[in-house]
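One structure below.
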Amino acid sequence: MVLNIMPDINDIIDAAARIAPFVHRTPLIHSRSFSLMTGADVYIKAENLQKTGSFKVRGACNVLSQTDEGKIIAASMGNHAQGIAYAAALFGKSAEIVMPFSSSISKQEAVRSYGGNVVLHGETFGEALAFALAQKDRYFVHAFDDDGIISGQGTVGLEIVEDLRQVDSVLVPVGGGGLISGVSLAVKTLLPRTEVIGVQSVAARSAYGSFRDKRISDFPPSSTIADGIAVGRVGEKTFGYIRQYVDDIVLVDDESISMAVLLFMERTKLVVEGAGAVAAAALLSDKERFKGRKVALVASGGNIDSNLMDRIIHKGLLKSGRIGIFSVDVEDLPGRLNVLTGIIAARRGNILDVFHDRFDLALPIGKTKVVFTVETRGKEHLEEILSALVAADFTVWKQDGQKK
């Protein structure tokens with residue numbers, strides 16, 4: 001059995017040696033693009049390149065390498081599940097993984113590919129967790145509220161410090177708190193002046209609320225593209241580390257996360273899942289806070305559902321203004337659409353889709369609403385196109401329903 005003693009830096013150092021044969025030491029990549037965009041000196045801890053596509057395999061290997069138990073059970077939205085299944089196969093154990101029905105199908109299949117037996121139960125992580133805890137015939141490994149898990153995840157922070165001795169800020173995704181507990185313990189012990197900032201989705205903010213209230217509070221998560229950190233309650237143990245070592249926790253919305261995922265793909269050529277992109281989203285959303293500072297972003301995972309990818313990219317393009325959706329009120333007469341498309345083409349907008357809405361109750365008889373989806377170079381280019389349409393005496397409505 002694993003001994004439950006509160007981890008310190010020596011436990012993390014021991015964990016690093018213990019798991020080294022089984023996991024990657026992931027690169028700390030300097031990003032010139034993110035640095036230019038934010039005015040900070042930005043480094044990416046690329047845990048999306050880790051085995052199983054996530055940092056979770058670190059804690060899983062640390063725990064399973066130390067227990068004699070042969071039958072393992074865990075509850076997870078996906079990344080912990082894959083880490084446990086992978087580690088169980090390494091150490092000759094049987095792994096049963098309880099996942100909610102809402103978990104990504106691609107992550108369910110990945111767990112099975114590593115040899116784990118997937119049991120679907122409940123609609124949320126909390127329901128899956130309660131079911132797993134009720135199974136007494138297997139050794140339960142918590143996704144985050146476990147000393148061995150925290151020590152294993154802390155090796156991410158240890159590697160950051162070893163590779164970047166002078167770092168001002170480390171931004172870390174937060175769900176239940178296992179990753180930020182281990183990372184903050186390592187960073188604050190070795191570099192006390194470095195600030196550690198957690199990042200959560202506005203749709204799942206238990207750690208954020210608990211941090212500010214100074215007590216654990218539940219926050220049932222709603223739908224978010226950062227599904228890997230959609231946890232409704234921060235851990236009991238992890239909250240202690242958060243209070244002791246974490247300087248701040250901030251929130252980001254799905255639009256900002258989508259934009260970060262898109263920028264990772266375009267600017268760094270890295271595929272990062274929504275939960276893994278929240279640190280970058282926080283940096284991009286508050287550039288002034290980090291301007292002139294040396295910043296490390298933990299890109300915690302890259303297990304993104306291919307079906308979700310298209311929606312995330314689309315949201316990111318909308319957020320950046322590189323796809324604009326707007327409508328124009330126009331007389332329903334031959335040739336009027338040609339005038340509209342001519343104005344857009346003259347400003348080098350690429351029309352992706354056109355839709356006529358002749359049944360809008362707000363329109364007088366004889367008029368139609370033409371809805372355009374247009375590819376542009378960005379927000380300024382989109383604004384140029386809209387202004388040209390207004391200058392030609394057309395009534396233009398932005399996607400948010402506001403009149404141009």
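A note on labels: chains of the structure tokens are A, B, ... as shown, every chain counts residues from 1, and ligands are counted from 1 in their shown order.
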Which residues are near Gly78 in chain A? Cut-off 8 Å, only C-alpha atoms, ignore same chain within fewer than 6 positions. Put them as a PyMOL selection string. chain A and resi 99+103-104+107-108+111+228
Excluding same-chain residues fewer than 3 positions from Ser306 in chain A, what lies within 12 Å of it counting only C-alpha atoms, as a JSON list (two decimals) with N, CA and C atoms, in the first residue's frame?
```
[["chain", "number", "residue", "atom", "x", "y", "z"],
["A", 104, "SER", "N", -15.58, 12.24, -23.12],
["A", 104, "SER", "CA", -15.29, 12.15, -24.55],
["A", 104, "SER", "C", -15.19, 10.69, -25.00],
["A", 105, "ILE", "N", -15.86, 10.39, -26.11],
["A", 105, "ILE", "CA", -15.80, 9.03, -26.66],
["A", 105, "ILE", "C", -14.37, 8.67, -27.04],
["A", 106, "SER", "N", -13.63, 9.63, -27.58],
["A", 106, "SER", "CA", -12.25, 9.34, -27.97],
["A", 106, "SER", "C", -11.40, 8.99, -26.76],
["A", 107, "LYS", "N", -11.67, 9.63, -25.61],
["A", 107, "LYS", "CA", -10.92, 9.30, -24.39],
["A", 107, "LYS", "C", -11.33, 7.94, -23.85],
["A", 271, "VAL", "N", -0.84, 20.61, -30.63],
["A", 271, "VAL", "CA", -2.25, 20.31, -30.42],
["A", 271, "VAL", "C", -2.46, 20.23, -28.91],
["A", 272, "VAL", "N", -3.26, 21.15, -28.39],
["A", 272, "VAL", "CA", -3.50, 21.24, -26.95],
["A", 272, "VAL", "C", -5.01, 21.22, -26.71],
["A", 273, "GLU", "N", -5.46, 20.40, -25.78],
["A", 273, "GLU", "CA", -6.89, 20.33, -25.48],
["A", 273, "GLU", "C", -7.34, 21.57, -24.72],
["A", 302, "GLY", "N", -3.06, 17.09, -24.40],
["A", 302, "GLY", "CA", -3.37, 17.27, -25.81],
["A", 302, "GLY", "C", -4.41, 16.30, -26.32],
["A", 303, "ASN", "N", -5.21, 15.73, -25.41],
["A", 303, "ASN", "CA", -6.20, 14.72, -25.80],
["A", 303, "ASN", "C", -7.52, 15.38, -26.18],
["A", 309, "MET", "N", -12.80, 19.44, -32.12],
["A", 309, "MET", "CA", -11.76, 20.30, -32.67],
["A", 309, "MET", "C", -12.33, 21.34, -33.64],
["A", 310, "ASP", "N", -13.24, 20.89, -34.52],
["A", 310, "ASP", "CA", -13.80, 21.79, -35.50],
["A", 310, "ASP", "C", -14.55, 22.95, -34.83],
["A", 311, "ARG", "N", -15.31, 22.63, -33.77],
["A", 311, "ARG", "CA", -16.06, 23.67, -33.07],
["A", 311, "ARG", "C", -15.13, 24.63, -32.34],
["A", 312, "ILE", "N", -14.05, 24.10, -31.77],
["A", 312, "ILE", "CA", -13.10, 24.95, -31.07],
["A", 312, "ILE", "C", -12.40, 25.89, -32.04],
["A", 313, "ILE", "N", -11.97, 25.36, -33.17],
["A", 313, "ILE", "CA", -11.32, 26.20, -34.18],
["A", 313, "ILE", "C", -12.28, 27.29, -34.65]]
```
Can you pull out every residue within 10 Å of Ala204 in chain A, counting only C-alpha atoms, but drop anything in the same chain fewer than 3 positions away, and send it as a count of residues only? 22
To one decimal in Å, tell me the separation between CA of Val370 in chain A and CA of Leu318 in chain A.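 Here the two named atoms are 18.7 Å from each other.
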Which residues come within 12 Å of range 363-365 of chain A, counting only C-alpha atoms, excluding same-chain residues fewer than 4 positions away, as a list in words?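 Here the answer would be Val328, Asp329, Val330, Glu331, Asp332, Leu333, Asp357, Arg358, Phe359, Lys369, Val370 and Thr395 of chain A.
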